[in-house]
Amino acid sequence: LEMFGHVELGCIFLKQAVIADEALDKLYEAAGATDEASQSALVEGNKEAKFYFGKIKTAEFFAGEFLPRAEFISNQVQSPNRAALDIVF
């Protein structure tokens, strides 16, 4: 269940990041922000751009910090060690 939660949240954050990236690109284009400095300035001064930028960074953080845990959990579930299942209550 924990593994599924990580994967599902990863999918949700990815979908949000794709939408945010497209919207942020439109804001950059409308403002003529073509380089990193002007894009950073736009994000700093524009609430909408800041929101979209935050969505993208949230997805990047989750993908780097939490999504790898799903693989670790998967390896645990597939472990041949079944000792916990042999416990008699």
# chains A, B, ... in the order shown; residues from 1 in each chain; ligands from 1
$ residues_around --residues "Glu8 (chain A)" --least-positions-apart "6" --cutoff "12 Å" --atoms "only C-alpha atoms" --output "ChimeraX atom specification"
/A:1-2,14-15,62-63,66-67,70
$ select_by_dssp --residues "chain A" --states "alpha helix (DSSP H)" --output "VMD selection string"
chain A and resid 2 to 31 36 to 45 47 to 65 67 to 77
$ atom_distance --atom1 "CA of Ala59 (chain A)" --atom2 "CA of Ala31 (chain A)"
24.5 Å
$ residues_around --residues "Asp25 (chain A)" --least-positions-apart "4" --cutoff "12 Å" --atoms "only C-alpha atoms" --output "ChimeraX atom specification"
/A:17-21,29-35,39,42-43,48-49,52-53,56
$ write_last_selection --atoms "N, CA and C atoms" --output "PDB file, in the first residue's frame"
ATOM      1  N   ALA A  17       3.070  18.720 -13.043  1.00  0.00           N
ATOM      2  CA  ALA A  17       4.289  19.376 -13.524  1.00  0.00           C
ATOM      3  C   ALA A  17       4.244  19.619 -15.029  1.00  0.00           C
ATOM      4  N   VAL A  18       3.678  18.682 -15.767  1.00  0.00           N
ATOM      5  CA  VAL A  18       3.567  18.857 -17.223  1.00  0.00           C
ATOM      6  C   VAL A  18       2.675  20.061 -17.531  1.00  0.00           C
ATOM      7  N   ILE A  19       1.546  20.144 -16.851  1.00  0.00           N
ATOM      8  CA  ILE A  19       0.630  21.275 -17.053  1.00  0.00           C
ATOM      9  C   ILE A  19       1.305  22.581 -16.633  1.00  0.00           C
ATOM     10  N   ALA A  20       1.977  22.549 -15.487  1.00  0.00           N
ATOM     11  CA  ALA A  20       2.655  23.746 -14.985  1.00  0.00           C
ATOM     12  C   ALA A  20       3.765  24.189 -15.924  1.00  0.00           C
ATOM     13  N   ASP A  21       4.505  23.246 -16.483  1.00  0.00           N
ATOM     14  CA  ASP A  21       5.595  23.584 -17.393  1.00  0.00           C
ATOM     15  C   ASP A  21       5.061  24.282 -18.642  1.00  0.00           C
ATOM     16  N   GLU A  29       7.056  33.296 -22.411  1.00  0.00           N
ATOM     17  CA  GLU A  29       6.945  33.825 -23.782  1.00  0.00           C
ATOM     18  C   GLU A  29       6.247  35.184 -23.792  1.00  0.00           C
ATOM     19  N   ALA A  30       5.147  35.282 -23.039  1.00  0.00           N
ATOM     20  CA  ALA A  30       4.399  36.539 -22.999  1.00  0.00           C
ATOM     21  C   ALA A  30       5.226  37.673 -22.405  1.00  0.00           C
ATOM     22  N   ALA A  31       6.099  37.350 -21.469  1.00  0.00           N
ATOM     23  CA  ALA A  31       6.928  38.363 -20.825  1.00  0.00           C
ATOM     24  C   ALA A  31       8.246  38.587 -21.553  1.00  0.00           C
ATOM     25  N   GLY A  32       8.520  37.779 -22.575  1.00  0.00           N
ATOM     26  CA  GLY A  32       9.783  37.892 -23.293  1.00  0.00           C
ATOM     27  C   GLY A  32      10.973  37.424 -22.475  1.00  0.00           C
ATOM     28  N   ALA A  33      10.703  36.539 -21.528  1.00  0.00           N
ATOM     29  CA  ALA A  33      11.761  36.006 -20.658  1.00  0.00           C
ATOM     30  C   ALA A  33      12.418  34.828 -21.364  1.00  0.00           C
ATOM     31  N   THR A  34      13.543  35.107 -22.017  1.00  0.00           N
ATOM     32  CA  THR A  34      14.194  34.073 -22.831  1.00  0.00           C
ATOM     33  C   THR A  34      15.436  33.472 -22.190  1.00  0.00           C
ATOM     34  N   ASP A  35      15.978  34.138 -21.179  1.00  0.00           N
ATOM     35  CA  ASP A  35      17.155  33.577 -20.512  1.00  0.00           C
ATOM     36  C   ASP A  35      16.826  33.260 -19.050  1.00  0.00           C
ATOM     37  N   GLN A  39      13.840  34.748 -16.578  1.00  0.00           N
ATOM     38  CA  GLN A  39      12.837  33.791 -16.123  1.00  0.00           C
ATOM     39  C   GLN A  39      12.782  33.756 -14.596  1.00  0.00           C
ATOM     40  N   LEU A  42      10.971  36.784 -13.390  1.00  0.00           N
ATOM     41  CA  LEU A  42       9.533  36.649 -13.583  1.00  0.00           C
ATOM     42  C   LEU A  42       8.920  35.799 -12.477  1.00  0.00           C
ATOM     43  N   VAL A  43       9.577  34.706 -12.149  1.00  0.00           N
ATOM     44  CA  VAL A  43       9.074  33.827 -11.084  1.00  0.00           C
ATOM     45  C   VAL A  43       9.036  34.574  -9.759  1.00  0.00           C
ATOM     46  N   GLU A  48       1.525  33.895 -10.291  1.00  0.00           N
ATOM     47  CA  GLU A  48       1.143  32.750 -11.125  1.00  0.00           C
ATOM     48  C   GLU A  48       2.375  31.950 -11.548  1.00  0.00           C
ATOM     49  N   ALA A  49       3.419  32.651 -11.965  1.00  0.00           N
ATOM     50  CA  ALA A  49       4.660  31.979 -12.359  1.00  0.00           C
ATOM     51  C   ALA A  49       5.276  31.261 -11.170  1.00  0.00           C
ATOM     52  N   TYR A  52       3.363  27.958 -10.592  1.00  0.00           N
ATOM     53  CA  TYR A  52       3.731  26.916 -11.554  1.00  0.00           C
ATOM     54  C   TYR A  52       5.153  26.406 -11.318  1.00  0.00           C
ATOM     55  N   PHE A  53       6.050  27.319 -11.016  1.00  0.00           N
ATOM     56  CA  PHE A  53       7.429  26.939 -10.732  1.00  0.00           C
ATOM     57  C   PHE A  53       7.465  26.012  -9.512  1.00  0.00           C
ATOM     58  N   ILE A  56       6.431  22.448 -10.395  1.00  0.00           N
ATOM     59  CA  ILE A  56       7.513  21.728 -11.087  1.00  0.00           C
ATOM     60  C   ILE A  56       8.573  21.276 -10.085  1.00  0.00           C
TER      61      ILE A  56
END
$ atom_distance --atom1 "CA of Lys55 (chain A)" --atom2 "CA of Val7 (chain A)"
17.2 Å
$ atom_distance --atom1 "CA of Glu65 (chain A)" --atom2 "CA of Gly10 (chain A)"
10.7 Å
$ closest_residue --among "A:Glu60, A:Ser79, A:Leu27, A:Pro68" --to "Lys47 (chain A)" --atoms "only C-alpha atoms"
A:Leu27
$ closest_residue --among "A:Ser74, A:Asp86, A:Phe13, A:Tyr28" --to "Ala41 (chain A)" --atoms "only C-alpha atoms"
A:Tyr28
